[in-house]
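See below for target_13.txt, which holds compact mmCIF, C-alpha atoms and all ligand atoms.
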```
# COMPACT_ATOMS: atom_id res chain seq x y z
CA MET A 1 -41.69 -209.93 -13.15
CA LYS A 2 -44.14 -209.71 -10.22
CA ILE A 3 -42.77 -209.50 -6.70
CA LEU A 4 -44.67 -209.84 -3.44
CA VAL A 5 -43.07 -207.80 -0.66
CA ILE A 6 -43.85 -208.87 2.88
CA ASN A 7 -43.13 -207.04 6.12
CA SER A 8 -44.35 -209.12 9.02
CA GLY A 9 -44.57 -207.83 12.56
CA SER A 10 -45.56 -209.72 15.67
CA SER A 11 -49.28 -209.22 15.04
CA SER A 12 -49.34 -207.80 11.51
CA ILE A 13 -48.35 -208.39 7.90
CA LYS A 14 -47.85 -205.48 5.51
CA TYR A 15 -47.78 -206.55 1.88
CA GLN A 16 -47.34 -205.08 -1.54
CA LEU A 17 -47.46 -206.76 -4.94
CA LEU A 18 -45.31 -204.96 -7.51
CA ASP A 19 -45.02 -205.35 -11.25
CA MET A 20 -41.33 -204.72 -11.86
CA GLU A 21 -41.68 -203.92 -15.54
CA LYS A 22 -42.68 -200.37 -14.72
CA GLU A 23 -42.27 -200.67 -10.96
CA THR A 24 -45.99 -200.23 -10.37
CA VAL A 25 -47.94 -201.33 -7.30
CA LEU A 26 -50.69 -203.80 -8.25
CA ALA A 27 -52.11 -204.18 -4.75
CA LYS A 28 -51.11 -203.55 -1.19
CA GLY A 29 -52.49 -203.90 2.27
CA LEU A 30 -52.23 -204.71 5.91
CA VAL A 31 -53.28 -207.70 7.98
CA GLU A 32 -53.62 -206.51 11.55
CA ARG A 33 -54.35 -207.88 15.00
CA ILE A 34 -53.17 -211.38 14.10
CA GLY A 35 -54.01 -213.70 17.01
CA ILE A 36 -55.97 -210.91 18.71
CA GLU A 37 -59.70 -210.24 18.74
CA GLY A 38 -60.81 -207.88 15.97
CA SER A 39 -58.32 -209.00 13.32
CA ARG A 40 -58.88 -207.70 9.80
CA ILE A 41 -57.30 -207.13 6.41
CA ILE A 42 -57.24 -203.77 4.71
CA HIS A 43 -56.65 -204.43 1.03
CA ARG A 44 -56.03 -201.68 -1.53
CA VAL A 45 -56.15 -201.94 -5.29
CA ASN A 46 -55.61 -198.68 -7.18
CA ASP A 47 -57.51 -196.16 -5.08
CA GLU A 48 -60.07 -198.64 -3.86
CA LYS A 49 -59.98 -199.75 -0.22
CA TYR A 50 -61.57 -202.99 0.92
CA THR A 51 -61.78 -204.14 4.53
CA LEU A 52 -62.23 -207.78 5.43
CA GLU A 53 -63.14 -208.48 9.06
CA ILE A 54 -62.02 -212.02 9.68
CA ALA A 55 -60.59 -214.02 12.59
CA ILE A 56 -56.90 -214.63 11.84
CA LYS A 57 -55.08 -216.92 14.23
CA ASP A 58 -51.53 -216.81 12.86
CA HIS A 59 -49.24 -215.57 10.06
CA ASP A 60 -49.92 -218.67 7.96
CA GLN A 61 -53.61 -217.94 7.87
CA GLY A 62 -53.04 -214.21 7.40
CA LEU A 63 -50.86 -214.73 4.36
CA SER A 64 -53.21 -217.37 2.99
CA GLU A 65 -56.07 -214.81 3.12
CA VAL A 66 -53.85 -212.23 1.41
CA LEU A 67 -53.10 -214.67 -1.42
CA LYS A 68 -56.84 -215.31 -1.78
CA LEU A 69 -57.45 -211.57 -2.12
CA LEU A 70 -54.65 -211.20 -4.66
CA THR A 71 -56.08 -213.95 -6.86
CA SER A 72 -59.74 -213.10 -6.31
CA GLU A 73 -61.71 -212.27 -9.45
CA LYS A 74 -63.30 -209.42 -7.57
CA PHE A 75 -60.11 -207.34 -7.64
CA ASN A 76 -58.61 -208.69 -10.82
CA VAL A 77 -54.99 -208.30 -9.66
CA ILE A 78 -53.53 -211.67 -10.73
CA SER A 79 -55.36 -214.74 -11.90
CA SER A 80 -53.06 -217.32 -10.37
CA LEU A 81 -50.35 -217.58 -7.72
CA LYS A 82 -48.06 -218.76 -10.52
CA GLU A 83 -47.78 -215.11 -11.53
CA ILE A 84 -45.79 -214.33 -8.36
CA ASP A 85 -42.13 -214.72 -9.34
CA VAL A 86 -40.40 -213.82 -6.07
CA VAL A 87 -41.26 -212.97 -2.48
CA GLY A 88 -39.12 -210.29 -0.83
CA HIS A 89 -39.12 -210.24 2.97
CA ARG A 90 -38.13 -207.37 5.20
CA VAL A 91 -35.98 -208.74 8.01
CA VAL A 92 -35.08 -206.35 10.79
CA HIS A 93 -31.78 -207.80 12.02
CA GLY A 94 -29.09 -209.41 9.92
CA GLY A 95 -26.39 -209.16 12.61
CA GLU A 96 -22.84 -209.28 11.27
CA ARG A 97 -23.71 -212.30 9.14
CA PHE A 98 -25.66 -210.42 6.45
CA SER A 99 -24.18 -207.38 4.74
CA SER A 100 -26.50 -207.66 1.74
CA SER A 101 -29.77 -209.25 0.69
CA VAL A 102 -29.83 -213.02 0.17
CA ILE A 103 -31.95 -215.76 -1.34
CA ILE A 104 -33.43 -217.70 1.57
CA ASN A 105 -32.48 -221.34 2.06
CA LYS A 106 -32.49 -223.50 5.18
CA GLU A 107 -29.09 -222.22 6.34
CA VAL A 108 -30.15 -218.57 5.89
CA LEU A 109 -33.40 -219.15 7.77
CA ASP A 110 -31.48 -220.83 10.62
CA SER A 111 -29.09 -217.87 10.77
CA ILE A 112 -31.96 -215.36 10.93
CA GLU A 113 -33.43 -217.38 13.80
CA MET A 114 -30.06 -217.45 15.55
CA ILE A 115 -29.75 -213.67 15.24
CA SER A 116 -33.14 -213.32 16.97
CA PHE A 117 -31.37 -212.81 20.31
CA LEU A 118 -30.40 -209.36 18.98
CA ALA A 119 -33.95 -208.43 17.91
CA PRO A 120 -36.31 -210.52 20.04
CA LEU A 121 -39.38 -208.47 19.11
CA HIS A 122 -38.78 -208.39 15.38
CA ASN A 123 -36.83 -211.31 13.93
CA PRO A 124 -39.17 -214.05 15.25
CA ALA A 125 -42.08 -212.25 13.55
CA ASN A 126 -40.10 -211.95 10.32
CA VAL A 127 -39.30 -215.67 10.52
CA SER A 128 -43.03 -216.48 10.95
CA GLY A 129 -43.74 -214.52 7.76
CA ILE A 130 -40.99 -216.30 5.85
CA LYS A 131 -42.14 -219.73 7.01
CA ALA A 132 -45.72 -218.95 6.05
CA ALA A 133 -44.64 -217.80 2.59
CA ILE A 134 -42.46 -220.89 2.03
CA GLU A 135 -45.36 -223.12 3.00
CA LEU A 136 -47.92 -221.35 0.83
CA LEU A 137 -45.63 -220.61 -2.14
CA PRO A 138 -43.16 -223.52 -2.00
CA ASN A 139 -41.89 -223.13 -5.55
CA VAL A 140 -41.33 -219.38 -5.41
CA PRO A 141 -37.87 -218.06 -4.48
CA GLN A 142 -37.82 -216.06 -1.25
CA VAL A 143 -35.39 -213.24 -0.60
CA ALA A 144 -34.46 -211.61 2.72
CA VAL A 145 -33.66 -207.89 2.78
CA PHE A 146 -32.19 -206.70 6.08
CA ASP A 147 -32.68 -203.35 7.84
CA THR A 148 -29.13 -203.57 9.16
CA ALA A 149 -27.32 -204.68 5.98
CA PHE A 150 -26.63 -201.25 4.47
CA HIS A 151 -24.83 -200.18 7.65
CA GLN A 152 -22.46 -203.15 7.68
CA THR A 153 -19.94 -200.94 5.86
CA MET A 154 -19.51 -198.84 9.04
CA PRO A 155 -15.92 -198.87 10.27
CA LYS A 156 -15.05 -200.04 13.77
CA THR A 157 -14.56 -196.42 14.82
CA SER A 158 -18.31 -195.95 14.29
CA TYR A 159 -19.69 -199.26 15.42
CA LEU A 160 -17.74 -200.16 18.55
CA TYR A 161 -18.92 -198.96 21.95
CA ALA A 162 -16.17 -198.06 24.40
CA ILE A 163 -17.01 -200.91 26.77
CA PRO A 164 -14.82 -203.95 27.57
CA TYR A 165 -13.97 -205.47 24.20
CA GLU A 166 -14.95 -208.94 25.39
CA TYR A 167 -18.63 -207.88 25.31
CA TYR A 168 -18.35 -207.34 21.61
CA GLU A 169 -16.68 -210.72 21.22
CA ARG A 170 -18.99 -212.64 23.54
CA PHE A 171 -22.36 -210.98 22.95
CA LYS A 172 -21.84 -209.09 19.68
CA ILE A 173 -22.66 -205.84 21.46
CA ARG A 174 -21.94 -203.12 18.88
CA ARG A 175 -23.83 -200.57 16.86
CA TYR A 176 -25.76 -202.09 13.94
CA GLY A 177 -28.06 -199.32 12.76
CA PHE A 178 -31.53 -199.77 11.25
CA HIS A 179 -33.71 -198.26 8.47
CA GLY A 180 -30.88 -199.36 6.15
CA THR A 181 -33.20 -200.09 3.24
CA SER A 182 -34.55 -196.56 3.44
CA HIS A 183 -31.14 -194.88 3.79
CA LYS A 184 -29.90 -196.87 0.80
CA TYR A 185 -32.95 -196.02 -1.31
CA VAL A 186 -32.96 -192.28 -0.59
CA SER A 187 -29.19 -191.85 -0.93
CA THR A 188 -29.25 -193.65 -4.30
CA ARG A 189 -32.23 -191.57 -5.41
CA THR A 190 -30.56 -188.36 -4.20
CA ALA A 191 -27.56 -188.97 -6.49
CA GLN A 192 -29.94 -189.69 -9.40
CA ILE A 193 -31.94 -186.50 -8.82
CA LEU A 194 -28.74 -184.44 -8.71
CA GLU A 195 -27.43 -186.34 -11.76
CA LYS A 196 -24.21 -187.10 -9.90
CA ASP A 197 -22.28 -190.28 -9.26
CA ILE A 198 -23.07 -191.46 -5.71
CA GLU A 199 -19.40 -192.39 -5.37
CA SER A 200 -18.54 -188.67 -5.54
CA LEU A 201 -21.01 -187.53 -2.86
CA LYS A 202 -21.05 -187.12 0.91
CA ILE A 203 -24.74 -187.41 1.82
CA ILE A 204 -26.47 -187.14 5.18
CA THR A 205 -29.83 -188.92 5.06
CA ALA A 206 -32.37 -187.98 7.73
CA HIS A 207 -35.11 -190.61 7.99
CA ILE A 208 -37.40 -188.82 10.42
CA GLY A 209 -40.77 -190.43 11.01
CA ASN A 210 -42.23 -192.05 14.08
CA GLY A 211 -39.02 -194.02 14.33
CA ALA A 212 -36.11 -191.86 13.25
CA SER A 213 -32.49 -192.24 12.30
CA ILE A 214 -29.79 -190.37 10.47
CA ALA A 215 -26.97 -191.81 8.36
CA ALA A 216 -23.67 -190.57 6.97
CA VAL A 217 -23.41 -192.00 3.46
CA LYS A 218 -19.93 -191.39 2.09
CA TYR A 219 -19.39 -192.24 -1.56
CA GLY A 220 -22.38 -194.61 -1.52
CA LYS A 221 -21.50 -196.43 1.72
CA SER A 222 -22.94 -195.97 5.19
CA VAL A 223 -20.10 -194.89 7.49
CA ASP A 224 -22.22 -194.02 10.52
CA THR A 225 -25.81 -194.02 11.66
CA SER A 226 -27.63 -192.88 14.77
CA MET A 227 -29.44 -196.07 15.81
CA GLY A 228 -27.18 -198.54 17.57
CA PHE A 229 -27.37 -201.95 19.19
CA THR A 230 -31.13 -201.48 19.14
CA PRO A 231 -33.39 -198.86 17.47
CA LEU A 232 -33.47 -196.93 20.75
CA GLU A 233 -30.25 -194.95 20.30
CA GLY A 234 -29.91 -191.62 18.53
CA LEU A 235 -32.64 -189.15 17.69
CA VAL A 236 -35.64 -188.16 19.78
CA MET A 237 -38.57 -190.12 18.31
CA GLY A 238 -42.34 -190.42 18.74
CA THR A 239 -42.07 -192.51 21.91
CA ARG A 240 -38.33 -193.36 22.05
CA SER A 241 -35.83 -191.32 24.03
CA GLY A 242 -32.83 -191.69 21.75
CA ASP A 243 -29.43 -190.93 23.34
CA LEU A 244 -29.16 -190.64 27.09
CA ASP A 245 -26.76 -191.33 29.92
CA PRO A 246 -26.92 -195.12 30.53
CA ALA A 247 -26.62 -194.51 34.28
CA ILE A 248 -30.25 -193.28 34.17
CA VAL A 249 -31.38 -196.90 33.66
CA SER A 250 -30.19 -198.22 37.02
CA PHE A 251 -31.08 -194.94 38.77
CA LEU A 252 -34.69 -195.10 37.56
CA ALA A 253 -34.94 -198.82 38.27
CA GLN A 254 -33.92 -198.20 41.86
CA GLU A 255 -36.06 -195.09 42.42
CA GLU A 256 -39.18 -196.62 40.85
CA GLY A 257 -38.63 -200.17 42.15
CA ILE A 258 -38.79 -201.63 38.65
CA THR A 259 -36.46 -203.82 36.58
CA ALA A 260 -33.96 -202.58 34.01
CA LYS A 261 -36.11 -204.17 31.34
CA GLU A 262 -39.10 -202.15 32.52
CA VAL A 263 -37.04 -198.96 32.35
CA ILE A 264 -36.04 -199.80 28.77
CA ASP A 265 -39.73 -200.29 28.02
CA ILE A 266 -40.39 -196.77 29.29
CA LEU A 267 -37.54 -195.45 27.14
CA ASN A 268 -39.01 -197.21 24.10
CA LYS A 269 -42.72 -196.60 24.60
CA LYS A 270 -43.31 -193.68 26.96
CA SER A 271 -40.50 -191.30 26.08
CA GLY A 272 -39.59 -189.17 23.04
CA VAL A 273 -42.00 -186.33 22.24
CA TYR A 274 -44.76 -188.36 23.90
CA GLY A 275 -42.87 -188.27 27.19
CA LEU A 276 -41.79 -184.67 26.79
CA THR A 277 -45.40 -183.56 26.25
CA LYS A 278 -46.59 -185.49 29.34
CA GLY A 279 -48.35 -188.05 27.18
CA PHE A 280 -50.14 -185.54 24.94
CA SER A 281 -49.09 -187.17 21.66
CA SER A 282 -46.39 -189.15 19.90
CA ASP A 283 -47.61 -187.84 16.55
CA MET A 284 -45.48 -185.01 15.17
CA ARG A 285 -48.48 -183.45 13.42
CA ASP A 286 -50.19 -182.88 16.79
CA ILE A 287 -46.97 -181.58 18.33
CA GLU A 288 -46.37 -179.23 15.44
CA ASP A 289 -49.96 -177.93 15.29
CA ASN A 290 -49.97 -177.14 19.00
CA ALA A 291 -46.46 -175.66 18.96
CA LEU A 292 -47.47 -173.30 16.15
CA ALA A 293 -50.64 -172.37 18.05
CA GLY A 294 -48.46 -171.21 20.95
CA ASP A 295 -48.44 -174.25 23.26
CA LYS A 296 -45.16 -174.00 25.19
CA VAL A 297 -44.86 -177.69 26.10
CA CYS A 298 -45.22 -178.78 22.47
CA ARG A 299 -42.93 -175.98 21.31
CA LEU A 300 -40.22 -177.24 23.65
CA ALA A 301 -40.70 -180.86 22.50
CA LEU A 302 -40.38 -179.77 18.87
CA ASP A 303 -37.27 -177.72 19.69
CA ILE A 304 -35.62 -180.71 21.40
CA TYR A 305 -36.60 -182.98 18.48
CA GLU A 306 -35.09 -180.58 15.93
CA TYR A 307 -32.02 -179.79 18.02
CA ARG A 308 -31.05 -183.47 18.24
CA ILE A 309 -31.36 -183.86 14.46
CA ALA A 310 -29.20 -180.77 13.90
CA LYS A 311 -26.56 -182.09 16.33
CA TYR A 312 -26.33 -185.35 14.38
CA ILE A 313 -26.07 -183.50 11.08
CA GLY A 314 -23.14 -181.54 12.55
CA ALA A 315 -21.57 -184.75 13.83
CA TYR A 316 -21.88 -186.49 10.48
CA ALA A 317 -20.48 -183.53 8.56
CA ALA A 318 -17.45 -184.04 10.81
CA ALA A 319 -17.52 -187.84 10.39
CA MET A 320 -17.23 -187.43 6.61
CA ASN A 321 -15.01 -184.33 6.78
CA GLY A 322 -17.65 -182.48 4.81
CA VAL A 323 -21.15 -182.82 3.41
CA ASP A 324 -22.48 -182.19 -0.09
CA VAL A 325 -26.14 -183.06 0.37
CA ILE A 326 -28.68 -183.44 3.17
CA THR A 327 -31.71 -185.55 2.30
CA PHE A 328 -34.92 -185.50 4.32
CA THR A 329 -37.28 -188.48 4.21
CA ALA A 330 -40.05 -190.41 6.09
CA GLY A 331 -43.25 -189.04 7.64
CA VAL A 332 -41.85 -185.80 9.05
CA GLY A 333 -38.97 -185.34 6.59
CA GLU A 334 -41.30 -185.67 3.61
CA ASN A 335 -44.28 -183.75 4.93
CA SER A 336 -43.20 -181.06 7.34
CA PRO A 337 -41.88 -177.85 5.74
CA ILE A 338 -41.63 -176.19 9.14
CA THR A 339 -39.39 -178.85 10.70
CA ARG A 340 -37.11 -178.89 7.63
CA GLU A 341 -36.91 -175.12 7.64
CA GLU A 342 -36.28 -174.77 11.37
CA ILE A 343 -33.51 -177.40 11.37
CA CYS A 344 -31.73 -175.75 8.45
CA GLU A 345 -32.27 -172.09 9.39
CA ASN A 346 -31.79 -172.32 13.16
CA TYR A 347 -28.68 -174.49 13.19
CA LEU A 348 -27.06 -175.15 9.82
CA THR A 349 -26.39 -171.76 8.23
CA TYR A 350 -22.74 -172.14 9.34
CA LEU A 351 -22.48 -174.86 6.68
CA GLY A 352 -23.54 -172.30 4.07
CA ILE A 353 -27.02 -173.84 3.80
CA LYS A 354 -29.75 -171.66 2.34
CA ILE A 355 -33.33 -172.89 2.02
CA ASP A 356 -35.71 -171.57 -0.64
CA LYS A 357 -38.82 -171.14 1.53
CA GLU A 358 -41.20 -171.26 -1.40
CA LYS A 359 -39.72 -174.44 -2.80
CA ASN A 360 -39.76 -175.93 0.68
CA ASN A 361 -43.49 -175.35 1.08
CA PHE A 362 -44.85 -178.73 -0.08
CA LYS A 363 -45.47 -182.32 1.02
CA GLY A 364 -44.49 -185.73 -0.23
CA LEU A 365 -42.59 -185.04 -3.44
CA GLU A 366 -39.02 -185.33 -4.64
CA ARG A 367 -37.61 -181.85 -4.65
CA ILE A 368 -34.46 -179.76 -4.10
CA ILE A 369 -35.33 -177.20 -1.43
CA SER A 370 -32.04 -175.30 -1.16
CA THR A 371 -31.18 -172.23 -3.22
CA PRO A 372 -28.75 -172.58 -6.16
CA ASP A 373 -26.02 -170.78 -4.16
CA SER A 374 -26.45 -172.94 -1.04
CA LYS A 375 -23.08 -174.59 -0.23
CA VAL A 376 -24.87 -177.82 0.70
CA THR A 377 -27.78 -179.07 -1.40
CA VAL A 378 -30.88 -179.97 0.60
CA VAL A 379 -33.27 -182.48 -0.95
CA VAL A 380 -36.54 -184.17 -0.01
CA VAL A 381 -36.95 -187.76 -1.23
CA PRO A 382 -40.02 -189.80 -0.23
CA THR A 383 -38.73 -193.16 0.91
CA ASN A 384 -39.95 -196.39 -0.63
CA GLU A 385 -38.71 -199.40 1.31
CA GLU A 386 -41.06 -201.82 -0.47
CA LEU A 387 -39.73 -200.82 -3.88
CA MET A 388 -36.15 -201.14 -2.63
CA ILE A 389 -36.90 -204.63 -1.28
CA ALA A 390 -38.48 -205.59 -4.62
CA ARG A 391 -35.49 -204.24 -6.55
CA GLU A 392 -33.02 -206.15 -4.38
CA ALA A 393 -35.10 -209.33 -4.80
CA LYS A 394 -35.27 -208.82 -8.56
CA GLU A 395 -31.53 -208.30 -8.82
CA LEU A 396 -30.73 -211.43 -6.82
CA ILE A 397 -33.11 -213.57 -8.84
CA SER A 398 -31.74 -212.24 -12.13
CA LEU A 399 -28.21 -213.18 -11.04
CA LYS A 400 -29.25 -216.72 -10.12
P1 LIG B 501 -43.07 -194.92 10.88
O1 LIG B 501 -42.95 -195.60 9.53
O2 LIG B 501 -41.78 -194.84 11.64
O3 LIG B 501 -44.21 -195.39 11.72
P2 LIG B 501 -43.66 -192.55 9.32
O4 LIG B 501 -42.43 -192.43 8.50
O5 LIG B 501 -44.91 -192.95 8.66
O6 LIG B 501 -43.41 -193.41 10.62
O7 LIG B 501 -43.89 -191.13 10.03
C1 LIG B 501 -44.94 -190.89 10.89
C2 LIG B 501 -44.74 -189.52 11.50
O8 LIG B 501 -44.77 -188.51 10.47
C3 LIG B 501 -45.84 -189.15 12.49
O9 LIG B 501 -45.28 -188.57 13.66
C4 LIG B 501 -46.64 -188.11 11.73
O10 LIG B 501 -47.25 -187.20 12.56
C5 LIG B 501 -45.55 -187.44 10.92
N1 LIG B 501 -46.15 -186.64 9.85
C6 LIG B 501 -46.89 -187.07 8.81
N2 LIG B 501 -47.33 -186.01 8.09
C7 LIG B 501 -46.87 -184.90 8.71
C8 LIG B 501 -46.99 -183.49 8.48
N3 LIG B 501 -47.69 -183.02 7.47
N4 LIG B 501 -46.37 -182.65 9.33
C9 LIG B 501 -45.67 -183.11 10.38
N5 LIG B 501 -45.52 -184.42 10.65
C10 LIG B 501 -46.11 -185.30 9.84
```
Turn the structure described in the file into structure tokens.
Amino acid sequence: MKILVINSGSSSIKYQLLDMEKETVLAKGLVERIGIEGSRIIHRVNDEKYTLEIAIKDHDQGLSEVLKLLTSEKFNVISSLKEIDVVGHRVVHGGERFSSSVIINKEVLDSIEMISFLAPLHNPANVSGIKAAIELLPNVPQVAVFDTAFHQTMPKTSYLYAIPYEYYERFKIRRYGFHGTSHKYVSTRTAQILEKDIESLKIITAHIGNGASIAAVKYGKSVDTSMGFTPLEGLVMGTRSGDLDPAIVSFLAQEEGITAKEVIDILNKKSGVYGLTKGFSSDMRDIEDNALAGDKVCRLALDIYEYRIAKYIGAYAAAMNGVDVITFTAGVGENSPITREEICENYLTYLGIKIDKEKNNFKGLERIISTPDSKVTVVVVPTNEELMIAREAKELISLK
């Protein structure tokens, strides 16, 4: 079975074609700057990278060019579009309507469009990708996999904000959580690596990349996560503030003479470690390099970043009344021994956590990094959202 995974943003399409027999990637790539000058496709087959500079006006055309590349003799990936059995789409927001992946039909597509009021930047782009795929591959089943779905198991104690209840009823204001596909993938993989039943484990998954969130996964179900109504809540991120006092929004709006929406824009795009370092960088590699070279501003930003993660780990150990495993994933979690070590050693020894520094000194592999006598096991699992989307799509199609 061959599955095309599509992740469409407002001006981009990320794609991956997987052969599910051995779960191998046949080709992958990125269409960028859709509708903007300088659009191009970066297409990768095996280790070969090919760049196609081409004017792309919309998602339809972008996907059409991708399908041409996939079937082109030059790359020898597939010989015909008939070889694509399913298309799996990443959809950011599933609201309360979608607690698992679904095969897309007209009613599902309408619902995703209706939920767009909750994710105005993301869902409309996802819908454009779905519509383009339906048009270009009309006989191929399409599946939607939602970023929020895994967190729909959260209890009300986790997802309700303490604001007048009518706002939940009228506007669906509640915590939804994001990165669900990643938290599901790494928690499942964690149980497999430890050769334990996920239903016996209390796992804290730390997806720390440019965007970052943490989840409490109790016996295989998400019971809490740090992102909320939008992906702004929770951890300190590359450019996002994470948690703060909501009164700051109106205060800043008044002091700066800007709208609340403009303040939120600042909290999304100019804050996080980027804001803390006075615009030096949103990239944790830069922050880390400078911090280790003695730069005090970057050192402080890194300390604040790590401290917030440690606070959430403490909170989620309480939320689950215990923790068996902590799993690190995403750009920083997979690749930064120093951040993993500092979080565990500076804050979490009270949980009986002991890190094996030698084992921790690596990048991008699956590995247990705690010592055998550590009371909590600490694991690194590279995330793979595309594979998870393909697996969900495969499962749904097999059940059909
Ligand atoms: P996203 O998918 O949210 O855009 P990623 O999960 O790809 O983000 O993570 C990107 C982040 O990971 C960047 O801040 C990058 O600097 C960081 N990162 C990647 N490699 C390393 C490394 N070796 N050390 C520290 N941070 C790293």
Show me, as a tab-separated table, the residues of chain A having an atom within 6 Å of ligand LIG 501 (chain B), each with the closest atom pair and its distance in Å, using all atoms listed in the file.
```
residue	atom	partner	partner_atom	distance
A:Gly209	CA	B:LIG501	O7	3.3
A:Asn210	CA	B:LIG501	O2	3.7
A:Gly211	CA	B:LIG501	O2	3.9
A:Asp283	CA	B:LIG501	O9	3.8
A:Met284	CA	B:LIG501	O10	3.8
A:Arg285	CA	B:LIG501	O10	4.0
A:Ala330	CA	B:LIG501	O4	3.9
A:Gly331	CA	B:LIG501	O7	3.2
A:Val332	CA	B:LIG501	O8	4.2
A:Asn335	CA	B:LIG501	N3	4.3
A:Ser336	CA	B:LIG501	N4	4.1
```
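Of note, atom CA of A:Leu26 and atom CA of A:Ser12 are spaced 20.2 Å apart.
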What are the closest atom pairs, with distances in Å to one decimal, for all residues of stretch 8-104 of chain A lying within 7 Å of stretch 144-158 of chain A? Consider all atoms listed in the file, order rows by chain and residue number, and present the result as a tab-separated table.
```
residue	atom	partner	partner_atom	distance
A:Gly88	CA	A:Ala144	CA	6.0
A:His89	CA	A:Ala144	CA	4.9
A:Arg90	CA	A:Val145	CA	5.1
A:Val91	CA	A:Phe146	CA	4.7
A:Val92	CA	A:Asp147	CA	4.8
A:His93	CA	A:Thr148	CA	5.8
A:Gly94	CA	A:Phe146	CA	5.6
A:Phe98	CA	A:Ala149	CA	6.0
A:Ser99	CA	A:Ala149	CA	4.3
A:Ser100	CA	A:Ala149	CA	5.2
A:Ser101	CA	A:Val145	CA	4.6
A:Val102	CA	A:Ala144	CA	5.5
A:Ile103	CA	A:Ala144	CA	6.3
A:Ile104	CA	A:Ala144	CA	6.3
```
Practice task
Would you list the contacts of A:Gly275 as a PyMOL selection string, taking every protein, DNA or RNA residue within 10 Å and counting all atoms listed in the file, but skipping same-chain residues closer than 2 positions in sequence?
Solution key: chain A and resi 238-241+266-267+269-273+277-282+301
Considering all atoms listed in the file, give me a table of residues in stretch 198-282 of chain A that are at most 10 Å from stretch 165-174 of chain A, with the closest atom pair and distance in Å for each, as JSON lines.
```
{"residue": "A:Gly228", "atom": "CA", "partner": "A:Arg174", "partner_atom": "CA", "distance": 7.1}
{"residue": "A:Phe229", "atom": "CA", "partner": "A:Arg174", "partner_atom": "CA", "distance": 5.6}
{"residue": "A:Thr230", "atom": "CA", "partner": "A:Arg174", "partner_atom": "CA", "distance": 9.3}
```
Please dump the current selection as an mmCIF file, in the coordinates of the input; keep C-alpha atoms.
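Wrote result_25.cif, looks like this:
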```
data_model
loop_
_atom_site.group_PDB
_atom_site.id
_atom_site.type_symbol
_atom_site.label_atom_id
_atom_site.label_comp_id
_atom_site.auth_asym_id
_atom_site.auth_seq_id
_atom_site.Cartn_x
_atom_site.Cartn_y
_atom_site.Cartn_z
ATOM 1 C CA GLY A 228 -27.180 -198.540 17.570
ATOM 2 C CA PHE A 229 -27.370 -201.950 19.190
ATOM 3 C CA THR A 230 -31.130 -201.480 19.140
#
```
Handout entry: Shell of 9 Å around A:Ser374, only C-alpha atoms, local chain residues under 6 positions omitted, as a count of residues only
Key = 5
Handout entry: Sel. within 12 Å of pt (-57.8, -208.4, 16.6), counting only C-alpha atoms, output as number ranges by chain
Key = A: 11-12, 31-41, 53-58, 62
With stretch 302-311 of chain A as the partner and 12 Å as the cut-off, tabulate the residues of stretch 319-381 of chain A that qualify, each row holding the nearest pair of atoms and their distance in Å to one decimal, using all atoms listed in the file, sorted by chain and rising number, as a tab-separated table.
```
residue	atom	partner	partner_atom	distance
A:Ile326	CA	A:Ala310	CA	11.1
A:Phe328	CA	A:Ile309	CA	10.9
A:Val332	CA	A:Glu306	CA	11.0
A:Gly333	CA	A:Ile309	CA	11.0
A:Ser336	CA	A:Glu306	CA	11.8
A:Ile338	CA	A:Glu306	CA	10.4
A:Thr339	CA	A:Glu306	CA	7.0
A:Arg340	CA	A:Glu306	CA	8.7
A:Glu341	CA	A:Glu306	CA	10.1
A:Glu342	CA	A:Glu306	CA	7.5
A:Ile343	CA	A:Glu306	CA	5.8
A:Cys344	CA	A:Ala310	CA	7.8
A:Glu345	CA	A:Ala310	CA	10.3
A:Asn346	CA	A:Ala310	CA	8.9
A:Tyr347	CA	A:Ala310	CA	6.3
A:Leu348	CA	A:Ala310	CA	7.3
A:Thr349	CA	A:Ala310	CA	11.0
A:Tyr350	CA	A:Ala310	CA	11.7
A:Leu351	CA	A:Ala310	CA	11.5
```
Practice task
Choose the residue, out of A:Asp110, A:His43, A:Asn139, A:Leu244, that has the smallest atom-to-atom separation from A:Tyr15; count only C-alpha atoms.
Solution key: A:His43
Handout entry: Nearby residues (only C-alpha atoms) at most 12 Å from A:Pro120, same-chain spacing under 5 positions excluded, as an NGL selection string
Key = :A and (9-10 or 92-93 or 112-115 or 125-127 or 230)
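Compared by their closest atoms to A:Val381, and using only C-alpha atoms, the residues A:Gln192, A:Ser213, A:Ser250, A:Ser200 rank with A:Gln192 nearest.
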Handout entry: 8 Å contact set for A:Ala319, all atoms listed in the file, chain neighbours under 4 positions out, as a ChimeraX atom specification
Key = /A:216,224,315
